[in-house]
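Shown here: entry-v6.csv, CSV, C-alpha atoms.
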chain,number,residue,atom,x,y,z
A,1,MET,CA,16.9,24.4,147.0
A,2,SER,CA,18.7,24.3,143.8
A,3,ASN,CA,19.0,21.3,141.5
A,4,ASP,CA,22.6,20.7,142.7
A,5,LEU,CA,22.8,17.3,144.5
A,6,VAL,CA,21.8,13.7,144.3
A,7,VAL,CA,19.6,12.1,147.0
A,8,ILE,CA,20.7,8.6,148.2
A,9,LEU,CA,18.2,6.6,150.3
A,10,THR,CA,18.7,3.4,152.2
A,11,ALA,CA,16.5,1.2,154.3
A,12,LEU,CA,19.0,-0.2,156.8
A,13,ASN,CA,21.6,1.4,159.0
A,14,LEU,CA,24.2,-1.0,157.5
A,15,GLU,CA,23.4,0.3,154.0
A,16,TYR,CA,23.4,3.9,155.3
A,17,GLN,CA,26.9,3.5,156.8
A,18,ALA,CA,28.2,2.0,153.6
A,19,VAL,CA,27.2,5.2,151.7
A,20,ARG,CA,28.1,7.7,154.5
A,21,GLN,CA,31.7,6.5,154.8
A,22,ARG,CA,32.2,7.7,151.2
A,23,LEU,CA,31.2,11.3,152.1
A,24,THR,CA,33.3,14.1,153.5
A,25,ASN,CA,32.0,16.4,156.2
A,26,PRO,CA,28.4,15.2,156.3
A,27,ARG,CA,26.2,17.9,157.9
A,28,LEU,CA,22.8,17.4,159.5
A,29,HIS,CA,19.8,18.7,157.5
A,30,LEU,CA,16.6,18.4,159.6
A,31,HIS,CA,13.3,18.3,157.8
A,32,GLU,CA,10.5,20.3,159.5
A,33,ARG,CA,8.7,17.0,160.3
A,34,GLY,CA,11.7,15.5,162.0
A,35,THR,CA,13.2,13.4,159.1
A,36,ARG,CA,17.0,13.6,159.4
A,37,PHE,CA,19.2,13.9,156.3
A,38,GLU,CA,22.9,14.3,156.1
A,39,VAL,CA,24.4,16.4,153.3
A,40,GLY,CA,28.0,15.7,152.3
A,41,THR,CA,30.4,15.6,149.4
A,42,VAL,CA,31.8,12.5,147.7
A,43,ARG,CA,35.5,12.2,148.6
A,44,GLY,CA,37.7,13.7,145.9
A,45,THR,CA,34.8,15.3,143.9
A,46,SER,CA,32.4,18.2,144.0
A,47,CYS,CA,29.4,15.9,144.0
A,48,ARG,CA,27.0,16.7,146.8
A,49,VAL,CA,24.8,13.9,148.3
A,50,ALA,CA,21.8,14.1,150.6
A,51,LEU,CA,21.6,10.8,152.5
A,52,GLY,CA,18.5,9.6,154.2
A,53,LEU,CA,17.1,6.5,156.0
A,54,THR,CA,13.7,5.2,155.0
A,55,ASN,CA,13.4,2.1,157.2
A,56,LYS,CA,11.8,-1.1,155.9
A,57,GLY,CA,8.8,-1.3,153.6
A,58,ASN,CA,7.4,0.4,150.5
A,59,HIS,CA,5.1,2.7,152.3
A,60,SER,CA,7.8,4.2,154.5
A,61,ALA,CA,10.2,4.4,151.6
A,62,ALA,CA,7.6,6.3,149.5
A,63,VAL,CA,7.0,8.9,152.2
A,64,ILE,CA,10.6,9.6,152.8
A,65,ALA,CA,11.5,9.6,149.1
A,66,GLU,CA,8.8,12.2,148.4
A,67,ARG,CA,9.9,14.2,151.4
A,68,ALA,CA,13.5,14.2,150.1
A,69,ILE,CA,12.4,15.2,146.6
A,70,GLN,CA,10.4,18.1,147.9
A,71,GLU,CA,13.1,19.2,150.3
A,72,PHE,CA,16.1,19.1,147.9
A,73,SER,CA,14.8,19.1,144.3
A,74,PRO,CA,17.6,16.6,143.4
A,75,VAL,CA,19.1,15.7,140.1
A,76,ALA,CA,18.1,12.1,140.9
A,77,VAL,CA,17.1,9.8,143.7
A,78,LEU,CA,19.1,6.6,144.2
A,79,PHE,CA,17.9,3.8,146.4
A,80,VAL,CA,20.9,1.8,147.5
A,81,GLY,CA,21.1,-1.4,149.6
A,82,VAL,CA,20.8,-5.1,149.6
A,83,ALA,CA,18.4,-7.6,148.2
A,84,GLY,CA,17.8,-11.3,147.7
A,85,ALA,CA,18.5,-13.1,144.3
A,86,LEU,CA,15.7,-15.0,142.7
A,87,TRP,CA,17.8,-16.7,140.1
A,88,GLU,CA,21.4,-17.9,139.7
A,89,THR,CA,22.1,-15.1,137.2
A,90,ALA,CA,23.1,-12.7,140.0
A,91,ARG,CA,25.8,-14.1,142.3
A,92,LEU,CA,26.3,-13.1,145.9
A,93,GLY,CA,28.0,-9.7,146.0
A,94,ASP,CA,26.9,-8.7,142.5
A,95,VAL,CA,25.0,-5.5,142.0
A,96,VAL,CA,21.6,-5.3,140.3
A,97,MET,CA,20.4,-2.1,138.7
A,98,ALA,CA,16.7,-2.2,138.1
A,99,THR,CA,15.5,-1.8,134.5
A,100,HIS,CA,12.0,-1.8,136.0
A,101,VAL,CA,10.4,-2.4,139.3
A,102,TYR,CA,7.4,-4.6,140.1
A,103,ALA,CA,5.0,-4.0,143.0
A,104,TYR,CA,4.2,-7.7,143.1
A,105,HIS,CA,1.6,-7.7,145.9
A,106,GLY,CA,-1.0,-6.2,143.7
A,107,GLY,CA,-3.6,-8.8,142.9
A,108,THR,CA,-7.1,-10.2,143.3
A,109,SER,CA,-8.3,-13.3,145.2
A,110,GLU,CA,-10.6,-15.5,143.0
A,111,ASP,CA,-12.2,-18.9,143.6
A,112,ASP,CA,-9.6,-20.5,141.4
A,113,GLY,CA,-6.7,-18.7,143.1
A,114,ARG,CA,-4.8,-15.4,143.3
A,115,LYS,CA,-4.5,-13.4,140.1
A,116,ALA,CA,-1.7,-10.9,139.6
A,117,ARG,CA,-2.4,-7.2,139.1
A,118,PRO,CA,1.1,-5.8,139.0
A,119,ARG,CA,2.2,-2.2,138.8
A,120,VAL,CA,5.4,-1.5,137.0
A,121,TRP,CA,7.8,1.5,136.9
A,122,GLU,CA,10.5,1.6,134.3
A,123,ALA,CA,13.9,3.2,135.0
A,124,PRO,CA,14.5,6.5,133.2
A,125,HIS,CA,16.3,6.0,129.9
A,126,GLY,CA,19.2,8.4,130.7
A,127,ILE,CA,20.0,6.8,134.0
A,128,SER,CA,19.8,3.3,132.5
A,129,GLN,CA,22.2,4.3,129.7
A,130,LEU,CA,24.6,5.8,132.2
A,131,GLY,CA,24.5,2.8,134.4
A,132,SER,CA,25.3,0.5,131.5
A,133,HIS,CA,28.2,2.8,130.5
A,134,LEU,CA,29.7,2.6,134.0
A,135,ALA,CA,29.2,-1.2,134.1
A,136,ARG,CA,31.2,-1.5,130.8
A,137,LEU,CA,34.0,0.7,132.3
A,138,ASN,CA,34.1,-1.7,135.3
A,139,ASP,CA,36.2,0.6,137.4
A,140,TRP,CA,33.7,1.4,140.1
A,141,ALA,CA,34.2,-1.4,142.7
A,142,ASP,CA,36.4,-1.0,145.8
A,143,ASP,CA,39.7,-2.8,145.8
A,144,ALA,CA,38.7,-6.5,145.9
A,145,ALA,CA,42.0,-7.8,147.3
A,146,GLY,CA,41.3,-10.7,149.6
A,147,GLN,CA,37.5,-10.5,148.7
A,148,GLY,CA,37.5,-13.1,145.9
A,149,ARG,CA,35.8,-12.5,142.6
A,150,ALA,CA,35.2,-8.9,141.6
A,151,PRO,CA,31.4,-7.9,141.7
A,152,GLN,CA,29.6,-7.5,138.4
A,153,VAL,CA,26.6,-5.2,137.6
A,154,ARG,CA,23.4,-7.0,136.4
A,155,PHE,CA,20.5,-5.3,134.8
A,156,GLY,CA,16.9,-6.5,135.1
A,157,ALA,CA,13.7,-6.3,137.0
A,158,VAL,CA,13.5,-5.9,140.8
A,159,ALA,CA,10.4,-7.3,142.6
A,160,ALA,CA,9.2,-5.3,145.7
A,161,GLY,CA,6.7,-6.5,148.1
A,162,GLU,CA,5.6,-6.2,151.7
A,163,VAL,CA,7.1,-9.3,153.3
A,164,VAL,CA,10.6,-10.7,153.8
A,165,GLN,CA,10.9,-13.4,151.2
A,166,ASN,CA,13.1,-16.2,152.6
A,167,SER,CA,12.0,-19.4,150.9
A,168,ARG,CA,12.2,-21.0,147.5
A,169,ILE,CA,9.4,-23.5,148.0
A,170,SER,CA,6.6,-21.5,149.7
A,171,ALA,CA,3.4,-20.6,148.0
A,172,ASP,CA,4.5,-17.0,147.7
A,173,ALA,CA,7.9,-18.0,146.2
A,174,ARG,CA,6.2,-20.2,143.6
A,175,TRP,CA,3.7,-17.5,142.8
A,176,ILE,CA,6.4,-14.8,142.3
A,177,ARG,CA,8.4,-17.1,140.0
A,178,GLN,CA,5.3,-17.8,138.0
A,179,HIS,CA,4.2,-14.2,137.4
A,180,TYR,CA,7.5,-12.3,137.7
A,181,ASN,CA,10.0,-14.8,136.4
A,182,ASP,CA,12.2,-12.1,134.8
A,183,ALA,CA,12.9,-10.5,138.2
A,184,LEU,CA,16.6,-10.8,139.3
A,185,ALA,CA,16.1,-9.6,142.8
A,186,ILE,CA,13.5,-9.2,145.5
A,187,GLU,CA,13.2,-6.7,148.3
A,188,MET,CA,10.7,-4.4,150.1
A,189,GLU,CA,11.2,-0.7,149.2
A,190,ALA,CA,11.9,-0.1,145.5
A,191,ALA,CA,8.2,0.2,144.5
A,192,GLY,CA,7.6,3.0,147.0
A,193,VAL,CA,10.6,5.0,145.9
A,194,ALA,CA,9.8,4.4,142.2
A,195,GLN,CA,6.2,5.6,142.8
A,196,ALA,CA,7.4,8.8,144.6
A,197,GLY,CA,9.8,9.6,141.8
A,198,HIS,CA,7.1,9.0,139.2
A,199,LEU,CA,4.6,11.3,141.0
A,200,ASN,CA,7.2,14.1,141.5
A,201,GLY,CA,8.9,13.9,138.2
A,202,ALA,CA,12.3,12.9,139.7
A,203,PRO,CA,14.5,10.3,138.0
A,204,VAL,CA,15.0,7.2,140.2
A,205,ALA,CA,17.6,4.5,140.1
A,206,ILE,CA,17.3,1.3,142.2
A,207,ILE,CA,20.7,-0.3,143.0
A,208,ARG,CA,20.8,-3.5,145.1
A,209,GLY,CA,23.7,-5.6,146.2
A,210,ILE,CA,22.9,-9.3,146.3
A,211,SER,CA,23.3,-10.5,149.9
A,212,ASP,CA,21.3,-13.8,149.9
A,213,ARG,CA,19.2,-16.1,147.6
A,214,ALA,CA,15.9,-15.6,149.4
A,215,ASP,CA,16.0,-19.4,150.1
A,216,GLY,CA,15.9,-19.7,153.9
A,217,THR,CA,19.5,-18.6,154.6
A,218,LYS,CA,18.8,-15.0,155.6
A,219,SER,CA,19.7,-15.5,159.3
A,220,SER,CA,22.7,-17.8,158.6
A,221,ALA,CA,26.4,-17.0,159.2
A,222,LYS,CA,26.9,-16.9,155.4
A,223,ASP,CA,24.3,-14.1,155.0
A,224,ARG,CA,25.8,-12.2,157.9
A,225,ASN,CA,29.1,-12.3,156.1
A,226,TRP,CA,27.7,-11.3,152.7
A,227,GLN,CA,25.3,-8.6,153.7
A,228,PRO,CA,28.0,-5.9,154.5
A,229,ARG,CA,29.9,-6.8,151.4
A,230,ALA,CA,26.8,-6.5,149.2
A,231,ALA,CA,25.9,-3.2,150.9
A,232,ALA,CA,29.4,-1.9,150.2
A,233,ASN,CA,29.3,-2.9,146.6
A,234,ALA,CA,25.9,-1.3,146.1
A,235,ALA,CA,27.2,1.9,147.8
A,236,ALA,CA,30.3,1.9,145.6
A,237,PHE,CA,28.3,1.7,142.3
A,238,GLY,CA,25.6,4.1,143.6
A,239,ILE,CA,28.3,6.7,144.5
A,240,ARG,CA,30.0,6.4,141.1
A,241,LEU,CA,26.6,6.9,139.4
A,242,ALA,CA,25.9,10.0,141.6
A,243,VAL,CA,29.2,11.5,140.6
A,244,GLU,CA,28.6,10.9,136.9
A,245,LEU,CA,25.1,12.4,137.2
A,246,MET,CA,26.4,15.5,138.8
A,247,GLY,CA,29.2,15.8,136.2
A,248,GLU,CA,26.6,15.8,133.5
A,249,GLN,CA,24.6,18.5,135.4
A,250,GLU,CA,27.7,20.7,135.6
A,251,GLN,CA,28.3,20.3,131.9
A,252,ILE,CA,24.7,21.5,131.3
A,253,ALA,CA,25.2,24.4,133.6
A,254,MET,CA,28.5,25.4,131.8
A,255,ALA,CA,26.8,25.1,128.4
A,256,GLN,CA,24.0,27.4,129.7
A,257,ALA,CA,26.6,29.8,131.0
A,258,ASP,CA,28.4,29.8,127.6
A,259,THR,CA,25.2,30.6,125.9
A,260,THR,CA,24.5,33.5,128.3
A,261,ARG,CA,28.0,34.9,127.7
A,262,VAL,CA,27.5,34.7,123.9
A,263,ASP,CA,24.1,36.4,124.2
A,264,THR,CA,25.6,39.1,126.5
A,265,ALA,CA,28.5,39.7,124.1
A,266,ARG,CA,26.2,40.0,121.1
A,267,ALA,CA,24.0,42.4,123.0
A,268,ALA,CA,27.1,44.5,123.9
A,269,ASP,CA,28.2,44.5,120.3
A,270,SER,CA,24.8,45.7,119.2
A,271,HIS,CA,24.8,48.6,121.7
A,272,ALA,CA,28.5,49.6,121.3
A,273,GLY,CA,29.2,52.9,122.9
A,274,GLN,CA,25.8,52.9,124.7
A,275,VAL,CA,24.7,52.2,128.3
A,276,SER,CA,21.9,49.9,129.3
A,277,ASN,CA,19.4,51.5,131.7
A,278,THR,CA,18.1,48.5,133.6
A,279,ALA,CA,15.4,50.4,135.5
A,280,HIS,CA,13.6,51.5,132.4
A,281,HIS,CA,14.7,48.8,129.8
A,282,SER,CA,16.0,51.5,127.4
A,283,THR,CA,19.3,52.5,125.9
A,284,VAL,CA,20.6,55.9,126.9
A,285,GLY,CA,23.6,58.1,126.5
A,286,ILE,CA,25.0,59.7,129.6
A,287,MET,CA,25.1,63.5,129.2
A,288,ALA,CA,25.3,64.5,132.8
A,289,GLY,CA,27.6,63.9,135.8
A,290,SER,CA,25.2,61.4,137.4
A,291,VAL,CA,22.2,59.2,136.7
A,292,ARG,CA,19.4,59.1,139.2
A,293,GLU,CA,16.6,56.5,139.9
A,294,SER,CA,18.3,54.0,137.6
A,295,SER,CA,21.1,51.4,137.7
A,296,VAL,CA,23.9,51.5,135.1
A,297,HIS,CA,25.9,48.3,134.7
A,298,VAL,CA,29.0,48.0,132.4
A,299,ASN,CA,29.9,44.3,132.1
A,300,ALA,CA,33.5,43.2,131.6
A,301,ALA,CA,35.3,39.9,132.2
A,302,PRO,CA,37.2,40.0,135.5
A,303,LYS,CA,41.0,40.4,135.2
A,304,VAL,CA,42.5,37.9,137.6
A,305,SER,CA,46.3,37.5,137.7
A,306,SER,CA,46.9,36.8,141.4
A,307,PRO,CA,45.2,35.4,144.5
A,308,THR,CA,44.6,38.9,145.6
A,309,ASP,CA,42.7,39.7,142.4
A,310,LEU,CA,40.6,36.5,142.8
A,311,VAL,CA,39.7,37.3,146.4
A,312,ALA,CA,38.6,40.8,145.3
A,313,GLU,CA,36.4,39.2,142.6
A,314,LEU,CA,34.9,36.8,145.1
A,315,ASP,CA,34.1,39.7,147.4
A,316,GLY,CA,32.3,41.3,144.6
A,317,PHE,CA,30.4,38.1,143.9
A,318,GLN,CA,29.3,37.9,147.5
A,319,GLY,CA,27.7,41.3,147.0
A,320,ARG,CA,25.6,39.9,144.1
A,321,LEU,CA,24.6,37.0,146.3
A,322,GLU,CA,23.5,39.4,149.1
A,323,ARG,CA,21.4,41.3,146.6
A,324,HIS,CA,19.7,38.2,145.3
A,325,HIS,CA,19.0,37.1,148.9
A,326,ALA,CA,17.6,40.5,149.9
A,327,GLU,CA,15.3,40.6,146.8
A,328,GLY,CA,13.9,37.2,147.8
A,329,THR,CA,15.1,35.3,144.7
A,330,LEU,CA,17.7,33.3,146.6
A,331,ASP,CA,16.2,31.2,149.5
A,332,ALA,CA,17.8,31.2,152.9
A,333,ASP,CA,19.2,27.6,152.8
A,334,THR,CA,20.8,28.1,149.4
A,335,TYR,CA,22.2,31.5,150.4
A,336,ARG,CA,23.7,30.0,153.5
A,337,GLU,CA,25.4,27.2,151.7
A,338,ALA,CA,26.5,29.5,148.9
A,339,LEU,CA,28.3,31.7,151.4
A,340,ALA,CA,29.9,28.7,153.0
A,341,GLU,CA,31.4,27.6,149.6
A,342,LEU,CA,32.4,31.1,148.8
A,343,GLY,CA,34.2,31.3,152.1
A,344,LEU,CA,36.1,28.1,151.4
A,345,ALA,CA,37.1,29.4,147.9
A,346,ARG,CA,38.2,32.7,149.4
A,347,GLN,CA,40.3,31.0,152.1
A,348,ALA,CA,41.9,28.6,149.6
A,349,ALA,CA,42.8,31.6,147.3
A,350,ARG,CA,44.5,33.3,150.2
A,351,GLU,CA,46.5,30.2,151.2
A,352,GLY,CA,48.6,30.1,148.1
A,353,THR,CA,49.7,26.5,148.7
A,354,PRO,CA,50.1,23.9,145.9
A,355,GLY,CA,46.8,22.4,146.7
A,356,SER,CA,44.9,25.6,147.2
A,357,ALA,CA,44.0,26.0,143.6
A,358,LYS,CA,42.2,22.7,143.5
A,359,LYS,CA,40.3,23.5,146.7
A,360,ALA,CA,39.2,26.9,145.4
A,361,THR,CA,38.2,25.4,142.1
A,362,MET,CA,36.1,22.6,143.7
A,363,ALA,CA,34.4,25.1,146.1
A,364,LEU,CA,33.5,27.4,143.2
A,365,LYS,CA,32.1,24.5,141.2
A,366,ARG,CA,29.9,23.5,144.1
A,367,LEU,CA,28.9,27.2,144.4
A,368,ARG,CA,28.0,27.1,140.7
A,369,GLY,CA,25.7,24.2,141.2
A,370,LEU,CA,24.0,26.0,144.1
A,371,VAL,CA,23.1,29.1,141.8
A,372,ALA,CA,22.6,27.1,138.6
A,373,GLU,CA,19.1,28.6,138.2
A,374,PHE,CA,20.5,32.1,138.0
A,375,PRO,CA,22.2,32.4,134.6
A,376,ALA,CA,23.8,35.8,135.4
A,377,LEU,CA,25.5,34.4,138.5
A,378,VAL,CA,26.6,31.3,136.7
A,379,ALA,CA,28.1,33.5,134.0
A,380,MET,CA,30.0,35.5,136.6
A,381,LEU,CA,31.4,32.3,138.2
A,382,ALA,CA,32.6,30.7,135.0
A,383,PRO,CA,35.7,32.9,134.5
A,384,LEU,CA,36.4,32.7,138.3
A,385,VAL,CA,36.5,28.9,138.2
A,386,VAL,CA,39.0,29.1,135.3
A,387,ALA,CA,41.0,31.7,137.2
A,388,ALA,CA,41.1,29.6,140.4
A,389,GLY,CA,42.5,26.7,138.5
A,390,ALA,CA,45.2,28.9,136.9
A,391,LEU,CA,46.6,30.0,140.3
A,392,SER,CA,48.5,26.7,140.8
Written as structure tokens, that's how I'd like the structure from this file.
Amino acid sequence: MSNDLVVILTALNLEYQAVRQRLTNPRLHLHERGTRFEVGTVRGTSCRVALGLTNKGNHSAAVIAERAIQEFSPVAVLFVGVAGALWETARLGDVVMATHVYAYHGGTSEDDGRKARPRVWEAPHGISQLGSHLARLNDWADDAAGQGRAPQVRFGAVAAGEVVQNSRISADARWIRQHYNDALAIEMEAAGVAQAGHLNGAPVAIIRGISDRADGTKSSAKDRNWQPRAAANAAAFGIRLAVELMGEQEQIAMAQADTTRVDTARAADSHAGQVSNTAHHSTVGIMAGSVRESSVHVNAAPKVSSPTDLVAELDGFQGRLERHHAEGTLDADTYREALAELGLARQAAREGTPGSAKKATMALKRLRGLVAEFPALVAMLAPLVVAAGALS
């Protein structure tokens, strides 16, 4: 599939629901091996999210993360959920975004004790920079009325192991603080997701809401109260990060489309009065009533002044989609989703209501993301997006 969405993974159903309730029209996407994802759109945006459940543990998280990356080729993978705090720096309800992840169970057992052999994955620079920017804006959290202090975003290391850490005085707790004393939070899945992203070249962000202090209170009433709030805060920041990541991706696609249009215009100027013979890669003059065994294309920007004109242009674009699909360059899943978005845009254009222009524009932007790897299709869509917005 195209590089047109963000994957969000969670380990617990509570975390999954916190993300899912921020999506509109989530649709089942079933992996051939049985893993169930849901693909929806963030409310009020064109950002598409593929949501999946990994269950507990680094091993399961790594497998599902790699499966998601291979299935969707996402812009990024966000791992969103709750964690325990190791220090007082992060308060209950705060969100920790990992600057790096420790797989803290790596080690060797010697006569004089256990020696650490950690593995570490750093967060991608671009995602870290964007996360810091959003934290400074501080407008990502849900309405905190009645919830007390507004949550803050903290940046630091996250330690990931294979056991539930629920003590401040156990041998494991002392060992972790001795060898990983810069870790703000501790949990059980981040190392697996980070490893999968590293091996597959996919950017990964770890976002954890602080639900407890890993101090023996995980099963207390206080933890039961804080866990859903921490999950909601992590989901809110993760969703905001996903929307910003997709916004940057759209800007890149538009810049590429602009470059394509400029190149096309220059080529047209250099061959003024001539016709491009795309079958034989030559320039010809038409001297007869017909041209055989060749395709002649004369490119011009669509003239759209009414909803009817826009619908006609969208019908023409569907023909281009059909050709790409028939030629095998556009895979079946992307083709199906592209037709769905095209249908939504066409329906909105026909409605002619005050809100139809926005609906048509959003659908066309999502369609542009689906065909981002086809510059010619993106170039065709760019003026149609503008035309849809001008219909209001």
For Arg33 in chain A, list every protein, DNA or RNA residue within 12 Å, evaluated using all atoms listed in the file, and leave out those in the same chain fewer than 5 positions away; present the list as a PDB file with C-alpha atoms, in the frame of the given file.
ATOM      1  CA  VAL A  63       7.000   8.900 152.200  1.00  0.00           C
ATOM      2  CA  ILE A  64      10.600   9.600 152.800  1.00  0.00           C
ATOM      3  CA  ARG A  67       9.900  14.200 151.400  1.00  0.00           C
ATOM      4  CA  ALA A  68      13.500  14.200 150.100  1.00  0.00           C
ATOM      5  CA  GLU A  71      13.100  19.200 150.300  1.00  0.00           C
TER       6      GLU A  71
END
With distances taken over all atoms listed in the file, which of A:Leu134, A:Met188, A:Ala90, A:Ala214 is nearest to Gln165 in chain A?
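Among the listed residues, A:Ala214 lies closest to Gln165 in chain A.
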Which residues, written as a list in words, have at least one atom at most 10 Å from Leu330 in chain A, with only C-alpha atoms counted and residues fewer than 5 positions away on the same chain left out?
Met1, Ser2, Leu321, Glu322, Arg323, His324, His325, Tyr335, Arg336, Ala338, Leu370, Val371, Glu373 and Phe374 of chain A
CA of Asn58 in chain A to CA of Tyr104 in chain A, distance in Å rounded to a single decimal
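Straight-line distance from CA of Asn58 in chain A to CA of Tyr104 in chain A works out to 11.4 Å.
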Distance CA of Gln152 in chain A-CA of Asp94 in chain A, one decimal place?
5.1 Å
Using only C-alpha atoms: which of A:Ala360, A:Leu92, A:Ala160, A:Leu9 has the shortest distance to Gly238 in chain A
A:Leu9
When you count only C-alpha atoms, which of these residues is closest to Val164 in chain A: A:Ala83, A:Leu137, A:Leu384, A:Leu78?
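For Val164 in chain A, the nearest of the given residues is A:Ala83.
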Close residues, Val385 in chain A itself excluded, 8 Å, all atoms listed in the file, min 3 positions apart in chain, as an NGL selection string:
:A and (360-361 or 364-365 or 381-382 or 388-389)
Could you pull the residues within 12 Å of Leu14 in chain A, counting all atoms listed in the file, minus those fewer than 5 positions along the same chain, as a list of chain:residue names?
A:Val19, A:Arg20, A:Gln21, A:Leu53, A:Asn55, A:Val80, A:Gly81, A:Val82, A:Arg224, A:Trp226, A:Gln227, A:Pro228, A:Arg229, A:Ala230, A:Ala231, A:Ala232, A:Ala234, A:Ala235
So that I can check the surroundings of Asn138 in chain A, please list as a VMD selection string every protein, DNA and RNA residue that reaches within 10 Å of it, counting only C-alpha atoms and ignoring chain neighbours fewer than 3 positions away.
chain A and resid 132 to 135 141 150 to 153 237
Residue with smallest distance to Pro74 in chain A - pool A:Gly319, A:Gly161, A:Gly197, A:Pro118, counting all atoms listed in the file:
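Smallest distance to Pro74 in chain A is found for A:Gly197.
Candidate residues A:Ala61, A:Leu367, A:Cys47, A:Ala357 were compared for distance to Gly343 in chain A, and the nearest is A:Leu367, using all atoms listed in the file.
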Could you please determine the separation between CA of Val163 in chain A and CA of Ala185 in chain A in Å, to one decimal place?
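Separation of CA of Val163 in chain A and CA of Ala185 in chain A: 13.8 Å.
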Nearest to Asn233 in chain A among A:Ala85, A:Val49, A:Ala18, A:Ala379, with distances taken over all atoms listed in the file: which residue is it?
A:Ala18
